[in-house]
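Q: If it helps, the file is called model.csv and holds CSV, C-alpha atoms:
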```csv
chain,number,residue,atom,x,y,z
A,1,MET,CA,-22.6,-16.3,-16.2
A,2,SER,CA,-19.7,-15.3,-18.4
A,3,GLN,CA,-16.1,-14.9,-17.3
A,4,LEU,CA,-16.4,-11.1,-17.9
A,5,GLN,CA,-19.1,-10.9,-15.2
A,6,HIS,CA,-16.7,-12.5,-12.7
A,7,ARG,CA,-13.7,-10.3,-13.6
A,8,PRO,CA,-12.7,-8.3,-10.5
A,9,ILE,CA,-12.7,-4.5,-10.6
A,10,ARG,CA,-9.0,-3.4,-10.5
A,11,SER,CA,-7.9,-0.3,-8.6
A,12,PHE,CA,-5.1,0.2,-11.1
A,13,VAL,CA,-4.5,0.3,-14.9
A,14,ARG,CA,-1.1,-0.8,-16.2
A,15,ARG,CA,0.3,2.3,-18.0
A,16,GLU,CA,3.9,1.1,-17.6
A,17,GLY,CA,6.3,2.2,-20.3
A,18,ARG,CA,9.6,0.7,-21.1
A,19,LEU,CA,12.0,-0.2,-18.3
A,20,THR,CA,15.4,1.3,-18.2
A,21,ALA,CA,18.3,-1.0,-18.6
A,22,GLY,CA,19.2,-0.5,-14.9
A,23,GLN,CA,15.7,-1.3,-13.7
A,24,GLN,CA,15.6,-4.5,-15.8
A,25,ARG,CA,19.0,-5.6,-14.5
A,26,ALA,CA,17.8,-5.0,-10.9
A,27,LEU,CA,14.7,-7.1,-11.5
A,28,ASP,CA,16.8,-9.9,-13.0
A,29,ARG,CA,19.5,-9.8,-10.5
A,30,LEU,CA,18.0,-8.6,-7.3
A,31,TYR,CA,14.4,-9.7,-7.3
A,32,PRO,CA,15.4,-13.3,-6.6
A,33,ARG,CA,17.2,-12.0,-3.5
A,34,TYR,CA,14.9,-9.3,-2.1
A,35,GLY,CA,11.6,-10.2,-3.8
A,36,ILE,CA,8.9,-12.6,-2.7
A,37,ASP,CA,7.2,-14.7,-5.3
A,38,TRP,CA,3.5,-15.4,-4.7
A,39,SER,CA,1.2,-17.5,-6.7
A,40,GLY,CA,-1.6,-18.0,-4.2
A,41,GLY,CA,-2.1,-19.3,-0.6
A,42,GLN,CA,-1.0,-17.9,2.7
A,43,ILE,CA,2.6,-16.9,3.1
A,44,ASP,CA,4.9,-17.4,6.0
A,45,LEU,CA,6.2,-13.8,5.9
A,46,ALA,CA,8.4,-14.2,9.0
A,47,ALA,CA,10.3,-16.9,7.2
A,48,CYS,CA,10.7,-14.5,4.2
A,49,PHE,CA,12.6,-12.0,6.4
A,50,GLY,CA,14.5,-14.6,8.4
A,51,ARG,CA,13.4,-13.0,11.7
A,52,PRO,CA,10.2,-12.3,13.7
A,53,ALA,CA,9.4,-8.6,13.8
A,54,PRO,CA,6.3,-6.4,13.5
A,55,LEU,CA,5.3,-6.5,9.9
A,56,VAL,CA,4.0,-3.5,7.9
A,57,LEU,CA,2.4,-3.9,4.5
A,58,ASP,CA,3.0,-1.0,2.2
A,59,ILE,CA,0.6,-0.9,-0.8
A,60,GLY,CA,1.6,0.8,-4.0
A,61,PHE,CA,5.0,2.2,-3.1
A,62,GLY,CA,5.6,4.0,-6.4
A,63,ASP,CA,9.3,4.9,-6.8
A,64,GLY,CA,10.0,3.3,-3.4
A,65,ASP,CA,11.9,6.3,-1.9
A,66,ALA,CA,9.5,6.9,1.0
A,67,LEU,CA,9.3,3.2,1.8
A,68,ALA,CA,13.1,2.8,1.8
A,69,GLU,CA,13.4,5.9,4.1
A,70,MET,CA,10.9,4.4,6.5
A,71,ALA,CA,12.7,1.0,6.5
A,72,ALA,CA,16.0,2.6,7.2
A,73,ALA,CA,14.6,4.8,10.0
A,74,LEU,CA,12.6,2.0,11.7
A,75,PRO,CA,14.9,-1.1,11.6
A,76,HIS,CA,12.8,-2.9,14.3
A,77,ARG,CA,10.0,-3.4,11.8
A,78,ASN,CA,9.8,-5.6,8.8
A,79,TYR,CA,8.3,-3.9,5.7
A,80,LEU,CA,6.8,-5.7,2.7
A,81,GLY,CA,6.2,-3.3,-0.3
A,82,VAL,CA,3.7,-4.5,-2.9
A,83,GLU,CA,3.5,-2.9,-6.3
A,84,VAL,CA,2.2,-3.8,-9.8
A,85,TYR,CA,4.7,-1.6,-11.7
A,86,ARG,CA,8.1,-3.0,-12.5
A,87,SER,CA,9.9,0.3,-13.0
A,88,GLY,CA,9.4,1.5,-9.4
A,89,THR,CA,10.1,-2.1,-8.1
A,90,GLY,CA,13.4,-2.2,-10.0
A,91,ARG,CA,14.4,1.2,-8.6
A,92,LEU,CA,13.6,0.2,-5.0
A,93,LEU,CA,15.5,-3.1,-5.4
A,94,ARG,CA,18.6,-1.2,-6.3
A,95,ARG,CA,18.2,1.0,-3.2
A,96,ILE,CA,17.6,-2.1,-0.9
A,97,ASP,CA,20.8,-3.6,-2.2
A,98,SER,CA,22.9,-0.4,-2.0
A,99,GLU,CA,21.8,0.4,1.5
A,100,GLN,CA,21.5,-3.2,2.7
A,101,LEU,CA,18.0,-2.8,4.0
A,102,SER,CA,17.5,-6.3,5.5
A,103,ASN,CA,14.1,-5.4,6.9
A,104,LEU,CA,12.5,-4.6,3.5
A,105,ARG,CA,11.2,-7.0,0.9
A,106,VAL,CA,9.2,-6.4,-2.3
A,107,MET,CA,6.5,-8.2,-4.2
A,108,LEU,CA,5.1,-7.7,-7.7
A,109,ALA,CA,1.4,-8.5,-7.1
A,110,ASP,CA,-2.1,-7.2,-6.8
A,111,ALA,CA,-2.2,-6.1,-3.1
A,112,SER,CA,-6.0,-6.6,-2.8
A,113,GLU,CA,-5.6,-10.3,-3.9
A,114,LEU,CA,-2.6,-10.7,-1.5
A,115,LEU,CA,-4.7,-9.3,1.4
A,116,ARG,CA,-7.6,-11.6,0.5
A,117,ASP,CA,-5.7,-14.8,0.0
A,118,GLY,CA,-2.1,-14.5,1.2
A,119,ILE,CA,-2.2,-12.7,4.6
A,120,ALA,CA,-3.4,-14.5,7.7
A,121,SER,CA,-5.8,-12.8,10.2
A,122,ALA,CA,-4.2,-10.7,12.9
A,123,SER,CA,-0.7,-11.0,11.4
A,124,LEU,CA,0.1,-7.4,10.4
A,125,ALA,CA,1.4,-4.6,12.7
A,126,GLY,CA,0.4,-2.0,10.1
A,127,VAL,CA,-0.9,-1.3,6.6
A,128,GLN,CA,0.2,1.8,4.6
A,129,LEU,CA,-1.6,3.2,1.6
A,130,PHE,CA,0.0,6.5,0.4
A,131,PHE,CA,-1.5,8.5,-2.5
A,132,PRO,CA,-3.4,5.8,-4.3
A,133,ASP,CA,-5.1,6.5,-7.6
A,134,PRO,CA,-8.0,8.8,-6.7
A,135,TRP,CA,-10.2,7.8,-9.7
A,136,THR,CA,-11.7,11.3,-9.6
A,137,LYS,CA,-14.7,10.7,-12.0
A,138,LYS,CA,-17.8,9.6,-10.2
A,139,ARG,CA,-18.4,6.7,-12.5
A,140,HIS,CA,-14.9,5.4,-11.6
A,141,HIS,CA,-15.3,5.5,-7.8
A,142,LYS,CA,-15.9,1.8,-7.9
A,143,ARG,CA,-12.3,1.4,-8.9
A,144,ARG,CA,-10.9,3.1,-5.8
A,145,ILE,CA,-9.0,0.6,-3.7
A,146,VAL,CA,-10.6,1.9,-0.5
A,147,GLN,CA,-14.0,0.3,-0.3
A,148,ALA,CA,-16.0,-1.1,2.6
A,149,ASP,CA,-15.1,-4.7,1.9
A,150,TRP,CA,-11.4,-3.8,1.5
A,151,LEU,CA,-11.4,-2.0,4.9
A,152,ALA,CA,-13.0,-5.1,6.4
A,153,GLN,CA,-10.2,-7.3,5.1
A,154,VAL,CA,-7.6,-4.8,6.4
A,155,ALA,CA,-9.2,-4.8,9.8
A,156,ASP,CA,-9.2,-8.6,9.9
A,157,ARG,CA,-5.5,-8.8,8.9
A,158,LEU,CA,-4.4,-6.2,11.5
A,159,GLN,CA,-3.3,-7.3,15.0
A,160,PRO,CA,-5.2,-5.7,17.8
A,161,GLY,CA,-3.6,-2.2,18.1
A,162,GLY,CA,-2.2,-2.4,14.6
A,163,PHE,CA,-2.5,0.7,12.4
A,164,LEU,CA,-3.8,1.7,9.0
A,165,HIS,CA,-2.2,4.8,7.7
A,166,MET,CA,-3.6,6.3,4.5
A,167,ALA,CA,-2.8,9.6,2.7
A,168,THR,CA,-4.2,11.4,-0.3
A,169,ASP,CA,-4.0,14.8,-1.8
A,170,TRP,CA,-7.5,14.7,-3.2
A,171,SER,CA,-10.1,16.2,-0.8
A,172,ASP,CA,-13.0,14.1,-2.3
A,173,TYR,CA,-11.0,10.9,-1.8
A,174,ALA,CA,-10.1,12.0,1.8
A,175,GLU,CA,-13.7,12.5,2.6
A,176,TRP,CA,-14.5,9.1,1.0
A,177,MET,CA,-11.8,7.4,3.2
A,178,LEU,CA,-13.0,9.2,6.3
A,179,SER,CA,-16.6,8.2,5.8
A,180,LEU,CA,-15.8,4.5,5.1
A,181,THR,CA,-13.4,4.1,7.9
A,182,ASP,CA,-15.8,5.6,10.4
A,183,ALA,CA,-18.3,2.9,9.4
A,184,GLU,CA,-15.9,0.0,10.0
A,185,PRO,CA,-16.4,-1.1,13.7
A,186,ARG,CA,-13.0,-2.7,14.1
A,187,LEU,CA,-11.1,0.5,13.3
A,188,GLU,CA,-11.0,3.5,15.6
A,189,ASN,CA,-9.7,7.0,14.7
A,190,PRO,CA,-7.8,8.4,17.7
A,191,HIS,CA,-7.8,11.9,16.0
A,192,GLY,CA,-11.5,12.0,15.3
A,193,GLY,CA,-10.7,13.0,11.8
A,194,TYR,CA,-7.6,13.7,9.8
A,195,ALA,CA,-4.2,13.3,11.6
A,196,PRO,CA,-2.5,16.6,12.6
A,197,ASP,CA,0.7,15.5,10.8
A,198,ALA,CA,2.2,12.8,8.6
A,199,GLY,CA,3.6,10.7,11.4
A,200,ASP,CA,6.4,8.4,10.2
A,201,ARG,CA,5.5,9.0,6.5
A,202,PRO,CA,8.2,10.9,4.6
A,203,GLU,CA,7.2,13.3,1.9
A,204,THR,CA,6.6,11.5,-1.4
A,205,ARG,CA,7.0,12.5,-5.0
A,206,PHE,CA,3.2,12.3,-5.5
A,207,GLU,CA,2.7,14.6,-2.5
A,208,ARG,CA,5.1,17.2,-3.9
A,209,ARG,CA,3.3,17.1,-7.2
A,210,GLY,CA,0.0,17.6,-5.5
A,211,LEU,CA,1.3,20.5,-3.4
A,212,ARG,CA,2.6,22.2,-6.6
A,213,LYS,CA,-1.0,21.9,-7.9
A,214,GLY,CA,-2.3,23.6,-4.8
A,215,HIS,CA,-3.8,20.4,-3.3
A,216,GLY,CA,-4.1,19.8,0.4
A,217,VAL,CA,-2.6,16.6,1.9
A,218,TYR,CA,-4.7,14.5,4.2
A,219,ASP,CA,-3.4,11.7,6.5
A,220,LEU,CA,-5.8,9.2,8.1
A,221,MET,CA,-4.4,7.1,10.9
A,222,LEU,CA,-6.6,4.4,12.3
A,223,ARG,CA,-6.1,1.7,14.9
A,224,ARG,CA,-7.5,-1.9,15.1
A,225,VAL,CA,-9.5,-2.1,18.3
A,226,GLN,CA,-9.3,-5.0,20.6
A,227,SER,CA,-12.9,-5.9,20.0
A,228,ALA,CA,-15.8,-4.5,18.0
A,229,ALA,CA,-17.6,-4.3,21.3
A,230,LEU,CA,-15.3,-1.5,22.4
A,231,ARG,CA,-16.7,0.9,19.8
```
Since I need it in another form, could you write the structure as structure tokens?
A:
Amino acid sequence: MSQLQHRPIRSFVRREGRLTAGQQRALDRLYPRYGIDWSGGQIDLAACFGRPAPLVLDIGFGDGDALAEMAAALPHRNYLGVEVYRSGTGRLLRRIDSEQLSNLRVMLADASELLRDGIASASLAGVQLFFPDPWTKKRHHKRRIVQADWLAQVADRLQPGGFLHMATDWSDYAEWMLSLTDAEPRLENPHGGYAPDAGDRPETRFERRGLRKGHGVYDLMLRRVQSAALR
């Protein structure tokens, strides 16, 4: 088989424009301090933070404002934000430094690859996926990050009782998420459907944009069950 046949389907397309001078300076100066380099293999994430604490993985944090707010409001947790776009990462690095958010680290990486190869089983207190690319055309649904095999990996990496919190402003994607999570035996939905509110999640820029377009906002909050036999 050719290499093209083995190329993984990405849930993102790099459309990144030029970085601002400030974002580039933040990446050059602050990523060595607050960033985590990863080139493969499992990571000792507790060592990266310098303390043991419940660890929450935030996938695709965008401009980073919501993640920074959560880290500031919940200092008993460690947060690892994973993003592929350098502009948002540079912006978040400046906020981490200015607010001295010692419980927040960032990583420039493909989060799906990190989940697969870098995170140990039962090591995460939570996973957050807020407003991922909905890939609205049917022929592009295979690019959506939320797939059955991805959810199986998330369930494996979560500690018993750990949470998966996802949000979208696309009703079709919300239904897709709900259907797939309902089929994963290691995840339970205490609300029986969409959550009644956003929980700890602050309002994001993507959410505000969706609301301006008249979209609804759907939050799904799942828990890792103790055993598949409990379902």
Q: Would you write out, as a Markdown table, a table of all residues in range 108-133 of chain A that have an atom no more than 8 Å from an atom of range 52-73 of chain A, listing for each the closest atom pair and the distance in Å to one decimal, considering only C-alpha atoms and ordering rows by chain and rising residue number?
A:
```
| residue | atom | partner | partner_atom | distance |
| --- | --- | --- | --- | --- |
| A:Ala111 | CA | A:Ile59 | CA | 6.3 |
| A:Ser123 | CA | A:Leu55 | CA | 7.6 |
| A:Leu124 | CA | A:Leu55 | CA | 5.3 |
| A:Ala125 | CA | A:Leu55 | CA | 5.2 |
| A:Gly126 | CA | A:Val56 | CA | 4.5 |
| A:Val127 | CA | A:Leu57 | CA | 4.7 |
| A:Gln128 | CA | A:Asp58 | CA | 4.6 |
| A:Leu129 | CA | A:Ile59 | CA | 5.2 |
| A:Phe130 | CA | A:Gly60 | CA | 7.4 |
| A:Pro132 | CA | A:Gly60 | CA | 7.1 |
```
Q: With distances taken over all atoms listed in the file, which of A:Phe163, A:Trp176, A:Phe131, A:Trp150 is nearest to Gly210 in chain A?
A: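 Smallest distance to Gly210 in chain A is found for A:Phe131.
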Q: One decimal, Å: what's the distance from CA of Asp110 in chain A over to CA of Arg143 in chain A, could you say?
A: 13.5 Å
Q: Tell me which protein, DNA and RNA residues are within 7 Å of range 196-204 of chain A, counting all atoms listed in the file, leaving out same-chain ones fewer than 3 positions away, and put them as number ranges by chain.
A: A: 66, 207-208, 219
Q: CA of Glu83 in chain A and CA of Met107 in chain A, how far apart in Å?
A: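 We find that CA of Met107 in chain A and CA of Glu83 in chain A lie 6.4 Å from each other.
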Q: Find the distance between CA of Asn189 in chain A and CA of Arg116 in chain A and write it in Å to one decimal.
A: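 Computing the Euclidean distance for CA of Asn189 in chain A and CA of Arg116 in chain A yields 23.5 Å.
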Q: Which residues come within 8 Å of Ile96 in chain A, counting all atoms listed in the file, excluding same-chain residues fewer than 5 positions away, as a CSV table (one decimal) with C-alpha atoms, in the coordinates of the input?
A:
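File result_13.csv, as written:
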```csv
chain,number,residue,atom,x,y,z
A,34,TYR,CA,14.9,-9.3,-2.1
A,68,ALA,CA,13.1,2.8,1.8
A,101,LEU,CA,18.0,-2.8,4.0
A,102,SER,CA,17.5,-6.3,5.5
A,104,LEU,CA,12.5,-4.6,3.5
```
Q: Could you give me, as an mmCIF file with C-alpha atoms, keeping the file's coordinate frame, the residues within 8 Å of Leu180 in chain A, counting only C-alpha atoms and dropping anything in the same chain fewer than 3 positions from it?
A:
```
data_model
loop_
_atom_site.group_PDB
_atom_site.id
_atom_site.type_symbol
_atom_site.label_atom_id
_atom_site.label_comp_id
_atom_site.auth_asym_id
_atom_site.auth_seq_id
_atom_site.Cartn_x
_atom_site.Cartn_y
_atom_site.Cartn_z
ATOM 1 C CA GLN A 147 -14.000 0.300 -0.300
ATOM 2 C CA ALA A 148 -16.000 -1.100 2.600
ATOM 3 C CA LEU A 151 -11.400 -2.000 4.900
ATOM 4 C CA TRP A 176 -14.500 9.100 1.000
ATOM 5 C CA MET A 177 -11.800 7.400 3.200
ATOM 6 C CA ALA A 183 -18.300 2.900 9.400
ATOM 7 C CA GLU A 184 -15.900 0.000 10.000
#
```
Q: Using all atoms listed in the file, which residue out of A:Phe206, A:Arg144, A:Gln159, A:Glu175 lies closest to Gly193 in chain A?
A: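 Closest to Gly193 in chain A of all the choices is A:Glu175.
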